[in-house]
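Below: work.cif (mmCIF, C-alpha atoms and all ligand atoms)
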```cif
data_final
#
loop_
_atom_site.label_atom_id
_atom_site.label_comp_id
_atom_site.auth_asym_id
_atom_site.auth_seq_id
_atom_site.Cartn_x
_atom_site.Cartn_y
_atom_site.Cartn_z
CA MET A 1322 -19.00 9.35 -10.51
CA LYS A 1323 -16.24 11.23 -12.36
CA ALA A 1324 -12.94 9.97 -11.04
CA ALA A 1325 -9.24 10.59 -11.53
CA VAL A 1326 -6.52 8.04 -10.73
CA ILE A 1327 -3.04 9.49 -10.27
CA GLY A 1328 -0.34 6.91 -10.91
CA SER A 1329 -0.52 4.31 -13.64
CA GLY A 1330 1.44 1.49 -12.04
CA ALA A 1331 -0.05 -1.85 -11.03
CA TRP A 1332 -2.42 -0.61 -8.34
CA GLY A 1333 -3.45 2.64 -10.02
CA THR A 1334 -4.38 0.67 -13.13
CA ALA A 1335 -6.24 -2.10 -11.28
CA PHE A 1336 -8.08 0.49 -9.17
CA ALA A 1337 -9.08 2.43 -12.29
CA LYS A 1338 -10.42 -0.82 -13.73
CA VAL A 1339 -12.56 -1.37 -10.61
CA LEU A 1340 -13.93 2.19 -10.81
CA GLY A 1341 -14.62 1.85 -14.55
CA ASP A 1342 -16.29 -1.54 -14.13
CA ALA A 1343 -18.44 -0.07 -11.32
CA GLY A 1344 -19.64 2.64 -13.73
CA SER A 1345 -17.42 5.69 -13.20
CA GLU A 1346 -15.84 7.77 -15.94
CA VAL A 1347 -12.13 7.58 -15.10
CA THR A 1348 -9.16 9.66 -16.24
CA MET A 1349 -5.77 8.27 -15.28
CA TRP A 1350 -2.62 10.33 -14.96
CA ALA A 1351 0.59 8.72 -16.18
CA ARG A 1352 4.13 10.09 -16.09
CA ARG A 1353 4.97 8.71 -19.52
CA GLU A 1354 3.04 9.51 -22.69
CA THR A 1355 3.61 5.96 -24.00
CA VAL A 1356 1.70 4.57 -20.99
CA ALA A 1357 -1.08 7.18 -21.27
CA ALA A 1358 -1.45 6.46 -25.01
CA GLU A 1359 -1.60 2.71 -24.43
CA ILE A 1360 -4.38 3.11 -21.83
CA ARG A 1361 -6.27 5.63 -23.99
CA ASP A 1362 -5.92 3.95 -27.36
CA ARG A 1363 -5.40 0.26 -26.67
CA HIS A 1364 -7.22 -0.06 -23.31
CA GLY A 1365 -4.34 -1.83 -21.61
CA ASN A 1366 -1.17 -1.26 -19.60
CA GLU A 1367 1.08 -4.19 -20.47
CA GLY A 1368 4.07 -2.92 -18.47
CA SER A 1369 2.12 -2.97 -15.19
CA LEU A 1370 -0.71 -5.45 -15.74
CA PRO A 1371 0.03 -7.75 -18.68
CA GLY A 1372 -2.98 -9.17 -20.52
CA ILE A 1373 -5.57 -6.97 -18.77
CA ARG A 1374 -8.23 -5.18 -20.79
CA LEU A 1375 -9.60 -1.91 -19.43
CA SER A 1376 -13.09 -0.50 -19.90
CA LYS A 1377 -13.60 2.17 -22.55
CA ARG A 1378 -14.81 4.41 -19.71
CA ILE A 1379 -11.12 4.77 -18.77
CA THR A 1380 -8.90 7.30 -20.49
CA ALA A 1381 -5.45 8.69 -19.64
CA THR A 1382 -3.31 11.79 -19.90
CA THR A 1383 0.06 13.09 -18.78
CA ASP A 1384 -1.55 16.46 -17.96
CA LEU A 1385 -2.43 16.47 -14.24
CA ALA A 1386 -4.81 19.45 -14.53
CA GLU A 1387 -6.73 17.65 -17.27
CA ALA A 1388 -6.83 14.39 -15.25
CA VAL A 1389 -8.42 15.96 -12.17
CA ASP A 1390 -10.65 18.50 -13.95
CA GLY A 1391 -14.19 18.05 -12.57
CA ALA A 1392 -13.23 14.92 -10.60
CA GLU A 1393 -15.42 14.06 -7.60
CA LEU A 1394 -12.93 11.38 -6.53
CA ILE A 1395 -9.14 11.62 -6.89
CA ALA A 1396 -7.34 8.36 -6.08
CA ILE A 1397 -3.57 8.50 -5.61
CA ALA A 1398 -1.27 5.50 -6.18
CA VAL A 1399 2.33 6.72 -6.38
CA PRO A 1400 5.25 5.57 -4.22
CA SER A 1401 4.77 6.81 -0.65
CA GLN A 1402 8.11 8.58 -0.49
CA THR A 1403 7.38 10.71 -3.58
CA LEU A 1404 3.88 11.78 -2.51
CA ARG A 1405 4.82 15.00 -0.73
CA GLY A 1406 6.88 16.26 -3.67
CA ASN A 1407 4.17 15.25 -6.12
CA LEU A 1408 1.44 17.05 -4.19
CA ALA A 1409 3.48 20.23 -4.03
CA ASP A 1410 3.13 20.34 -7.82
CA TRP A 1411 -0.41 18.99 -8.14
CA ALA A 1412 -2.57 20.09 -5.22
CA GLY A 1413 -3.50 23.46 -6.72
CA PHE A 1414 -5.39 21.62 -9.46
CA PHE A 1415 -7.63 19.54 -7.16
CA PRO A 1416 -11.31 20.59 -7.26
CA ALA A 1417 -12.26 22.15 -3.91
CA ASP A 1418 -14.78 19.53 -2.80
CA ALA A 1419 -13.27 16.37 -4.31
CA THR A 1420 -12.75 13.29 -2.16
CA VAL A 1421 -9.07 12.31 -2.14
CA ALA A 1422 -8.39 8.58 -1.77
CA SER A 1423 -5.01 7.32 -0.62
CA LEU A 1424 -4.20 3.91 -2.10
CA MET A 1425 -0.64 3.95 -0.73
CA LYS A 1426 0.83 1.75 1.99
CA GLY A 1427 3.80 3.48 3.55
CA ILE A 1428 5.03 5.85 6.27
CA GLU A 1429 7.00 8.92 5.21
CA LEU A 1430 10.70 8.92 6.05
CA GLY A 1431 11.76 11.76 8.34
CA THR A 1432 8.31 13.10 9.27
CA LEU A 1433 6.98 9.60 10.20
CA LYS A 1434 3.59 10.64 8.80
CA ARG A 1435 0.92 8.46 7.28
CA MET A 1436 -0.10 9.12 3.68
CA SER A 1437 -3.45 10.65 4.66
CA GLU A 1438 -1.56 13.06 6.92
CA VAL A 1439 0.76 14.02 4.08
CA ILE A 1440 -2.27 14.67 1.86
CA VAL A 1441 -3.97 16.85 4.50
CA GLU A 1442 -0.78 18.77 5.17
CA THR A 1443 0.48 19.22 1.62
CA ALA A 1444 -2.68 19.43 -0.46
CA GLY A 1445 -4.60 21.53 2.07
CA VAL A 1446 -7.44 18.98 2.02
CA ALA A 1447 -9.58 18.72 5.19
CA PRO A 1448 -9.15 15.34 6.97
CA GLU A 1449 -12.81 14.43 6.43
CA ARG A 1450 -12.26 14.61 2.66
CA VAL A 1451 -9.52 11.98 2.75
CA VAL A 1452 -10.40 8.33 2.31
CA VAL A 1453 -8.02 5.39 2.74
CA VAL A 1454 -8.56 2.20 0.74
CA SER A 1455 -6.70 -0.80 2.13
CA GLY A 1456 -7.06 -4.56 2.35
CA PRO A 1457 -5.87 -7.84 0.79
CA ASN A 1458 -5.66 -6.24 -2.64
CA LEU A 1459 -2.93 -7.70 -4.84
CA ALA A 1460 -3.35 -5.72 -8.05
CA PRO A 1461 -2.88 -8.58 -10.57
CA GLU A 1462 -5.57 -10.71 -8.88
CA ILE A 1463 -8.04 -7.82 -8.80
CA ALA A 1464 -7.32 -7.00 -12.43
CA ALA A 1465 -8.09 -10.65 -13.22
CA GLU A 1466 -11.41 -10.14 -11.42
CA GLN A 1467 -10.70 -12.63 -8.64
CA PRO A 1468 -13.10 -11.79 -5.80
CA THR A 1469 -11.72 -9.87 -2.85
CA ALA A 1470 -12.82 -7.45 -0.16
CA THR A 1471 -11.37 -4.15 0.99
CA VAL A 1472 -11.88 -1.37 3.53
CA VAL A 1473 -12.80 2.23 2.71
CA ALA A 1474 -11.87 4.26 5.77
CA CYS A 1475 -12.89 7.86 6.37
CA THR A 1476 -13.85 10.00 9.36
CA ASP A 1477 -16.86 11.16 7.31
CA GLU A 1478 -19.25 8.18 7.19
CA ASP A 1479 -21.24 9.51 4.19
CA ARG A 1480 -18.11 10.02 2.14
CA ALA A 1481 -16.92 6.49 2.99
CA ARG A 1482 -20.27 5.14 1.83
CA GLN A 1483 -20.10 7.12 -1.45
CA VAL A 1484 -16.69 5.67 -2.25
CA GLN A 1485 -17.85 2.21 -1.15
CA HIS A 1486 -20.65 2.36 -3.73
CA ALA A 1487 -18.33 3.74 -6.41
CA LEU A 1488 -16.07 0.70 -5.98
CA ALA A 1489 -18.57 -2.14 -5.63
CA THR A 1490 -18.36 -4.73 -8.40
CA PRO A 1491 -19.04 -8.49 -8.44
CA TYR A 1492 -15.31 -9.05 -7.82
CA PHE A 1493 -14.55 -6.16 -5.41
CA ARG A 1494 -16.47 -5.83 -2.15
CA PRO A 1495 -15.72 -2.71 -0.07
CA TYR A 1496 -16.58 -2.36 3.62
CA THR A 1497 -16.51 1.01 5.40
CA SER A 1498 -14.61 1.96 8.55
CA ASP A 1499 -13.92 5.13 10.51
CA ASP A 1500 -10.47 3.93 11.63
CA VAL A 1501 -8.25 5.70 9.11
CA LEU A 1502 -5.18 5.39 11.36
CA GLY A 1503 -5.58 1.64 11.94
CA CYS A 1504 -6.17 0.88 8.26
CA GLU A 1505 -3.10 2.85 7.19
CA LEU A 1506 -0.84 1.30 9.82
CA GLY A 1507 -2.05 -2.20 8.95
CA GLY A 1508 -1.16 -1.63 5.27
CA ALA A 1509 2.22 -0.07 5.95
CA VAL A 1510 3.48 -2.55 8.56
CA LYS A 1511 2.35 -5.66 6.67
CA ASN A 1512 4.85 -4.75 3.94
CA VAL A 1513 7.68 -5.02 6.47
CA ILE A 1514 6.40 -8.33 7.84
CA ALA A 1515 6.06 -9.64 4.25
CA LEU A 1516 9.75 -8.80 3.74
CA ALA A 1517 10.56 -10.93 6.81
CA TYR A 1518 8.33 -13.71 5.51
CA GLY A 1519 10.11 -13.67 2.15
CA MET A 1520 13.49 -13.89 3.90
CA ALA A 1521 12.26 -16.83 6.01
CA SER A 1522 11.02 -18.63 2.87
CA ALA A 1523 14.28 -18.12 1.04
CA ILE A 1524 16.39 -19.47 3.88
CA GLY A 1525 14.22 -22.58 3.97
CA LEU A 1526 12.33 -22.05 7.22
CA GLY A 1527 9.10 -23.99 7.63
CA ASP A 1528 5.42 -23.30 8.16
CA ASN A 1529 5.66 -23.03 11.95
CA THR A 1530 8.21 -20.26 11.55
CA LYS A 1531 6.07 -18.49 8.96
CA ALA A 1532 2.91 -18.74 11.08
CA SER A 1533 4.85 -17.37 14.05
CA LEU A 1534 6.07 -14.44 11.93
CA ILE A 1535 2.55 -13.59 10.78
CA THR A 1536 1.12 -13.83 14.30
CA ARG A 1537 3.88 -11.96 16.08
CA GLY A 1538 4.01 -9.48 13.19
CA LEU A 1539 0.35 -8.74 13.72
CA ALA A 1540 0.97 -8.44 17.49
CA GLU A 1541 3.57 -5.72 16.98
CA THR A 1542 1.39 -3.95 14.40
CA SER A 1543 -1.51 -3.88 16.87
CA ARG A 1544 0.77 -2.70 19.68
CA LEU A 1545 1.87 0.29 17.62
CA GLY A 1546 -1.69 0.95 16.47
CA VAL A 1547 -3.09 0.95 19.98
CA ALA A 1548 -0.30 3.25 21.19
CA LEU A 1549 -1.23 5.71 18.44
CA GLY A 1550 -4.99 5.50 19.06
CA ALA A 1551 -6.24 2.97 16.50
CA ASP A 1552 -9.10 0.54 17.14
CA PRO A 1553 -7.47 -2.81 18.02
CA LEU A 1554 -10.24 -4.67 16.12
CA THR A 1555 -9.07 -3.11 12.84
CA PHE A 1556 -5.99 -5.33 12.99
CA ALA A 1557 -8.16 -8.46 13.04
CA GLY A 1558 -9.91 -7.24 9.89
CA LEU A 1559 -9.22 -6.95 6.16
CA ALA A 1560 -6.77 -4.06 6.47
CA GLY A 1561 -4.87 -5.92 9.22
CA LEU A 1562 -4.75 -9.70 9.23
CA GLY A 1563 -6.34 -9.94 5.77
CA ASP A 1564 -3.69 -7.88 4.04
CA LEU A 1565 -0.88 -9.45 6.07
CA VAL A 1566 -1.90 -12.97 5.07
CA ALA A 1567 -2.35 -12.01 1.40
CA SER A 1568 1.07 -10.38 1.15
CA CYS A 1569 2.95 -13.05 3.09
CA SER A 1570 1.38 -16.00 1.33
CA SER A 1571 1.41 -14.67 -2.25
CA ARG A 1572 4.22 -14.91 -4.74
CA LEU A 1573 2.64 -11.81 -6.35
CA SER A 1574 3.63 -9.67 -3.37
CA ARG A 1575 6.55 -7.40 -4.27
CA ASN A 1576 7.52 -7.09 -0.59
CA ARG A 1577 7.62 -10.83 -0.03
CA THR A 1578 9.56 -11.26 -3.30
CA PHE A 1579 12.04 -8.56 -2.26
CA GLY A 1580 12.52 -10.35 1.06
CA GLU A 1581 13.25 -13.59 -0.83
CA HIS A 1582 16.06 -11.86 -2.71
CA LEU A 1583 17.58 -10.64 0.56
CA GLY A 1584 17.14 -14.09 2.10
CA ARG A 1585 19.14 -15.57 -0.78
CA GLY A 1586 22.03 -13.38 0.30
CA GLU A 1587 21.65 -10.54 -2.22
CA SER A 1588 22.50 -6.99 -1.19
CA LEU A 1589 19.85 -4.26 -1.12
CA GLU A 1590 21.15 -2.94 -4.44
CA GLN A 1591 21.10 -6.39 -6.06
CA ALA A 1592 17.52 -6.96 -4.86
CA GLN A 1593 16.49 -3.52 -6.15
CA THR A 1594 17.97 -4.26 -9.57
CA ALA A 1595 16.19 -7.62 -9.74
CA THR A 1596 12.74 -6.27 -8.69
CA ARG A 1597 11.76 -3.03 -10.34
CA GLN A 1598 8.31 -2.31 -8.87
CA THR A 1599 7.57 -0.47 -5.63
CA ALA A 1600 8.29 -2.56 -2.47
CA GLU A 1601 7.24 -0.02 0.15
CA GLY A 1602 8.48 -1.98 3.18
CA VAL A 1603 12.12 -1.44 2.22
CA LYS A 1604 11.92 2.25 3.09
CA SER A 1605 9.03 2.11 5.54
CA CYS A 1606 10.89 -0.31 7.82
CA LEU A 1607 13.03 2.71 8.75
CA SER A 1608 10.15 5.09 9.39
CA ILE A 1609 8.05 2.46 11.20
CA ARG A 1610 11.00 1.57 13.41
CA ASP A 1611 11.48 5.25 14.25
CA LEU A 1612 7.75 5.75 14.86
CA ALA A 1613 7.72 2.76 17.22
CA ARG A 1614 10.79 4.00 19.09
CA ALA A 1615 9.27 7.48 19.40
CA HIS A 1616 6.25 5.92 21.14
CA ALA A 1617 8.29 3.40 23.17
CA VAL A 1618 6.64 0.47 21.37
CA GLU A 1619 8.63 -2.73 20.87
CA MET A 1620 8.63 -3.93 17.24
CA PRO A 1621 11.37 -6.58 17.18
CA ILE A 1622 10.56 -7.99 13.71
CA VAL A 1623 10.55 -4.51 12.16
CA GLU A 1624 13.87 -3.77 13.93
CA GLN A 1625 15.46 -6.90 12.45
CA VAL A 1626 14.09 -6.29 8.94
CA GLU A 1627 15.60 -2.81 9.04
CA LYS A 1628 18.97 -4.29 10.04
CA VAL A 1629 18.91 -6.78 7.15
CA CYS A 1630 17.77 -4.18 4.60
CA HIS A 1631 19.94 -1.25 5.61
CA GLU A 1632 22.76 -2.47 7.85
CA GLY A 1633 23.81 -5.59 5.95
CA ALA A 1634 22.74 -8.00 8.74
CA ASP A 1635 22.44 -11.70 7.89
CA PRO A 1636 18.78 -12.86 7.97
CA ARG A 1637 19.85 -16.04 9.80
CA VAL A 1638 21.39 -13.97 12.58
CA ALA A 1639 18.22 -11.85 12.67
CA VAL A 1640 16.14 -15.01 13.28
CA LYS A 1641 18.49 -16.09 16.06
CA LEU A 1642 18.23 -12.69 17.73
CA LEU A 1643 14.43 -12.79 17.54
CA MET A 1644 14.37 -16.27 19.07
CA THR A 1645 16.67 -15.44 21.98
CA ARG A 1646 14.94 -12.29 23.18
CA GLU A 1647 13.84 -12.01 26.80
CA MET A 1648 11.02 -14.44 27.70
CA LYS A 1649 7.58 -12.80 28.19
CA PRO A 1650 3.81 -13.38 28.15
CA GLU A 1651 2.17 -13.57 24.70
CA SER A 1652 0.24 -10.29 25.03
N1 LIG B 1701 0.43 -3.37 -6.46
C1 LIG B 1701 -0.44 -3.71 -5.55
O1 LIG B 1701 -0.93 -4.85 -5.55
C2 LIG B 1701 -0.89 -2.72 -4.51
C3 LIG B 1701 -2.07 -2.95 -3.82
C4 LIG B 1701 -2.47 -2.08 -2.82
C5 LIG B 1701 -1.70 -0.95 -2.54
N2 LIG B 1701 -0.56 -0.74 -3.25
C6 LIG B 1701 0.19 0.49 -2.93
O2 LIG B 1701 0.00 1.42 -4.00
C7 LIG B 1701 1.15 2.26 -4.11
C8 LIG B 1701 1.63 2.24 -5.56
O3 LIG B 1701 1.99 0.92 -5.85
P1 LIG B 1701 1.96 0.29 -7.31
O4 LIG B 1701 1.76 -1.15 -7.13
O5 LIG B 1701 1.02 0.96 -8.20
O6 LIG B 1701 3.47 0.57 -7.73
P2 LIG B 1701 4.12 0.51 -9.17
O7 LIG B 1701 5.57 0.46 -8.94
O8 LIG B 1701 3.47 -0.53 -9.99
O9 LIG B 1701 3.70 1.93 -9.78
C9 LIG B 1701 4.08 3.15 -9.20
C10 LIG B 1701 3.60 4.29 -10.08
O10 LIG B 1701 4.11 5.50 -9.55
C11 LIG B 1701 4.80 6.18 -10.59
N3 LIG B 1701 5.92 6.89 -10.00
C12 LIG B 1701 7.14 6.42 -9.66
N4 LIG B 1701 7.90 7.42 -9.17
C13 LIG B 1701 7.14 8.53 -9.24
C14 LIG B 1701 7.37 9.87 -8.93
N5 LIG B 1701 8.54 10.31 -8.45
N6 LIG B 1701 6.36 10.74 -9.11
C15 LIG B 1701 5.19 10.34 -9.59
N7 LIG B 1701 4.91 9.08 -9.93
C16 LIG B 1701 5.88 8.19 -9.75
C17 LIG B 1701 5.26 5.13 -11.56
O11 LIG B 1701 5.45 5.70 -12.85
C18 LIG B 1701 4.08 4.19 -11.53
O12 LIG B 1701 3.06 4.64 -12.37
C19 LIG B 1701 2.17 1.73 -3.10
O13 LIG B 1701 2.09 2.50 -1.94
C20 LIG B 1701 1.69 0.31 -2.81
O14 LIG B 1701 2.03 -0.14 -1.51
C21 LIG B 1701 -0.12 -1.58 -4.23
O1 LIG B 1702 2.89 -6.39 -3.76
P1 LIG B 1702 2.91 -5.77 -2.38
O2 LIG B 1702 3.78 -6.50 -1.43
O3 LIG B 1702 3.17 -4.31 -2.45
O4 LIG B 1702 1.42 -5.94 -1.80
C1 LIG B 1702 0.36 -5.46 -2.55
C2 LIG B 1702 -0.84 -5.16 -1.70
O5 LIG B 1702 -0.53 -4.23 -0.70
C3 LIG B 1702 -1.50 -6.37 -1.12
O6 LIG B 1702 -2.68 -6.00 -0.48
#
```

Any chance you could give the structure as structure tokens?
Amino acid sequence: MKAAVIGSGAWGTAFAKVLGDAGSEVTMWARRETVAAEIRDRHGNEGSLPGIRLSKRITATTDLAEAVDGAELIAIAVPSQTLRGNLADWAGFFPADATVASLMKGIELGTLKRMSEVIVETAGVAPERVVVVSGPNLAPEIAAEQPTATVVACTDEDRARQVQHALATPYFRPYTSDDVLGCELGGAVKNVIALAYGMASAIGLGDNTKASLITRGLAETSRLGVALGADPLTFAGLAGLGDLVASCSSRLSRNRTFGEHLGRGESLEQAQTATRQTAEGVKSCLSIRDLARAHAVEMPIVEQVEKVCHEGADPRVAVKLLMTREMKPES
């Protein structure tokens, strides 16, 4: 397959490596010429994935039209909140029948749309051409070829299978799904729960607390998903529980790490200065909260994370408020 990967950060680079190792010819698009030159000439991207060597089947450019020229698959890994603006500039260059894969895990501020919806709306791509790839996929582990599994979700089963085959390597095992909505929500909400988990770790809370956060976090994710029409079983799978556990338990997770900074009492600005990569949950906690409210779905952990991130609330007070909510049945 001829593929393009737009975005040369940690995930774009690791994803390009998977595609290259699985046999595709890959052209990456980078914003900075120094990054494109390093990928093209030295087969690495030290700033995003130190020590990783990329296949010679991978090249890079800063010219978007060149990157997507003739591509059968275009995978996009830029920050969720910039996607709409990016596509306004890029979409005219996409080949008419290319599959567009969203690698992003966020919900757009203001519109409350999922990334696949933004792609359909802004790039004029039919929904059945959009594939979502989501699962327990920490980029540095994948780049180091540590085995993991993922989900390739698309309403068009054949297209999902094509992408599944284009991604299969001995260290990356893709499964297909037709639940695009559920996979996207699982990926976006787990970032917010990982922020909460990081806060809990930093304030010294124990394993019972953390297990409760994961379990109740998954409960509120599923509640929102079901209200919006997702398959509840998706949340028990790789793009739900799998991704939630990976992000909460790993020190490699940028969202968990960001939460740790907030839990240590840093302000949002201080945490942003200390962690420079994309921690999607920081913005998506606002849009997910609004989405939940719009559908009358209770998401108490998301509500509290938003208060800590954007209203200066103390994480310890947030825990207290969560623990003293009205008593109710588990489900
Ligand atoms: N890193 C992971 O392990 C991982 C795994 C799965 C999914 N994701 C998701 O992939 C997406 C990208 O994450 P990442 O890890 O690659 O982030 P990153 O911070 O490592 O890289 C982001 C990339 O986007 C580019 N970028 C930043 N602002 C931009 C703009 N205004 N226009 C165009 N490009 C811009 C940066 O130059 C960089 O190449 C996020 O939605 C994230 O949740 C990340
Ligand atoms: O580093 P994070 O927190 O953005 O998580 C990365 C991936 O989404 C894990 O699957």

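When all atoms listed in the file are used to measure the gap to A:Asp1552, the shortest distance among A:Gly1503, A:Gly1586, A:Gly1527, A:Pro1621 belongs to A:Gly1503.
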
Which chain A residues have any atom within 6 Å of an atom of ligand LIG 1701 (chain B), and for each, what is the nearest pair of atoms with distance in Å to one decimal, counting only C-alpha atoms and all ligand atoms, rows sorted by chain and number, as a Markdown table?
```
| residue | atom | partner | partner_atom | distance |
| --- | --- | --- | --- | --- |
| A:Gly1328 | CA | B:LIG1701 | O12 | 4.3 |
| A:Ser1329 | CA | B:LIG1701 | O12 | 3.8 |
| A:Gly1330 | CA | B:LIG1701 | O9 | 3.2 |
| A:Ala1331 | CA | B:LIG1701 | O8 | 3.9 |
| A:Trp1332 | CA | B:LIG1701 | O5 | 3.8 |
| A:Gly1333 | CA | B:LIG1701 | O5 | 5.1 |
| A:Arg1352 | CA | B:LIG1701 | O11 | 5.6 |
| A:Ser1369 | CA | B:LIG1701 | O8 | 5.9 |
| A:Ala1398 | CA | B:LIG1701 | C8 | 4.4 |
| A:Val1399 | CA | B:LIG1701 | O10 | 3.8 |
| A:Pro1400 | CA | B:LIG1701 | O13 | 5.0 |
| A:Ser1401 | CA | B:LIG1701 | O13 | 5.2 |
| A:Thr1403 | CA | B:LIG1701 | N5 | 5.0 |
| A:Asn1407 | CA | B:LIG1701 | N6 | 5.8 |
| A:Leu1424 | CA | B:LIG1701 | O2 | 5.2 |
| A:Met1425 | CA | B:LIG1701 | O13 | 3.3 |
| A:Lys1426 | CA | B:LIG1701 | O14 | 4.2 |
| A:Gly1427 | CA | B:LIG1701 | O13 | 5.8 |
| A:Asn1458 | CA | B:LIG1701 | C3 | 5.0 |
| A:Leu1459 | CA | B:LIG1701 | O1 | 3.6 |
| A:Ala1460 | CA | B:LIG1701 | O1 | 3.6 |
| A:Gln1598 | CA | B:LIG1701 | O7 | 3.9 |
| A:Thr1599 | CA | B:LIG1701 | O7 | 4.0 |
| A:Glu1601 | CA | B:LIG1701 | O14 | 5.5 |
```

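Among A:Cys1475, A:Leu1565, A:Val1638, A:Gln1402, the residue with the shortest atom-to-atom distance to A:Leu1433, counting all atoms listed in the file, is A:Gln1402.
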
With a distance cut-off of 7 Å and all atoms listed in the file, select the neighbouring residues of A:Cys1606, excluding the residue or stretch itself and same-chain residues fewer than 3 positions from it, and output the selection as a list in words.
Val1513, Gly1602, Val1603, Ile1609, Arg1610, Val1623, Val1626 and Glu1627 of chain A

Protein and nucleic acid residues within 7 Å of ligand LIG 1702 (chain B) (all atoms listed in the file) as an NGL selection string:
:A and (1426 or 1456-1460 or 1508 or 1512 or 1515 or 1564 or 1567-1568 or 1573-1577 or 1599-1601)

Distance query A:Phe1336 at most 12 Å, all atoms listed in the file, self and fewer than 6 positions along chain excluded, as an MDAnalysis selection string
chainID A and resid 1324:1330 1342:1343 1345 1347:1349 1370 1375:1376 1379 1395:1398 1422:1425 1454:1455 1458:1466 1471 1487:1490 1493

So how many Å separate atom CA of A:Ile1428 and atom CA of A:Asp1611, to one decimal?
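Interatomic distance here is 10.3 Å.
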
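In this model, the gap between atom CA of A:Ala1540 and atom CA of A:Lys1628 comes to 19.9 Å.
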
Please report the interatomic distance between atom CA of A:Glu1587 and atom CA of A:Pro1636 in Å with one decimal.
10.8 Å

Among listed residues A:Gly1546, A:Arg1353, A:Val1453, A:Leu1534, nearest A:Thr1382 (using only C-alpha atoms)
A:Arg1353

What's around A:Pro1468 at 8 Å? Count all atoms listed in the file, leave out sequence neighbours fewer than 6 positions away in its own chain, and write the answer as a ChimeraX atom specification.
/A:1491-1494

Please list as a PyMOL selection string every residue within 7 Å of A:Asn1366, counting all atoms listed in the file and excluding residues in the same chain fewer than 6 positions away.
chain A and resi 1356+1359-1360

With all atoms listed in the file as the basis for distance, which of A:Glu1624, A:Asp1362, A:Glu1429, A:Asp1499 is at the shortest distance from A:Arg1405?
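Ranking A:Glu1624, A:Asp1362, A:Glu1429, A:Asp1499 by distance to A:Arg1405, first place goes to A:Glu1429.
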
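With distances restricted to all atoms listed in the file, A:Ala1412 is the closest residue to A:Glu1442 from A:Val1501, A:Ala1412, A:Ala1357, A:Val1547.
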
Could the centre and edge lengths of an axis-aligned box, enclosing all atoms of stretch 1334-1347 of chain A in the file with 6 Å extra on each side, be given in Å to one decimal as lines of an AutoDock Vina configuration file?
```
center_x = -12.0
center_y = 2.8
center_z = -12.6
size_x = 27.3
size_y = 21.9
size_z = 18.8
```
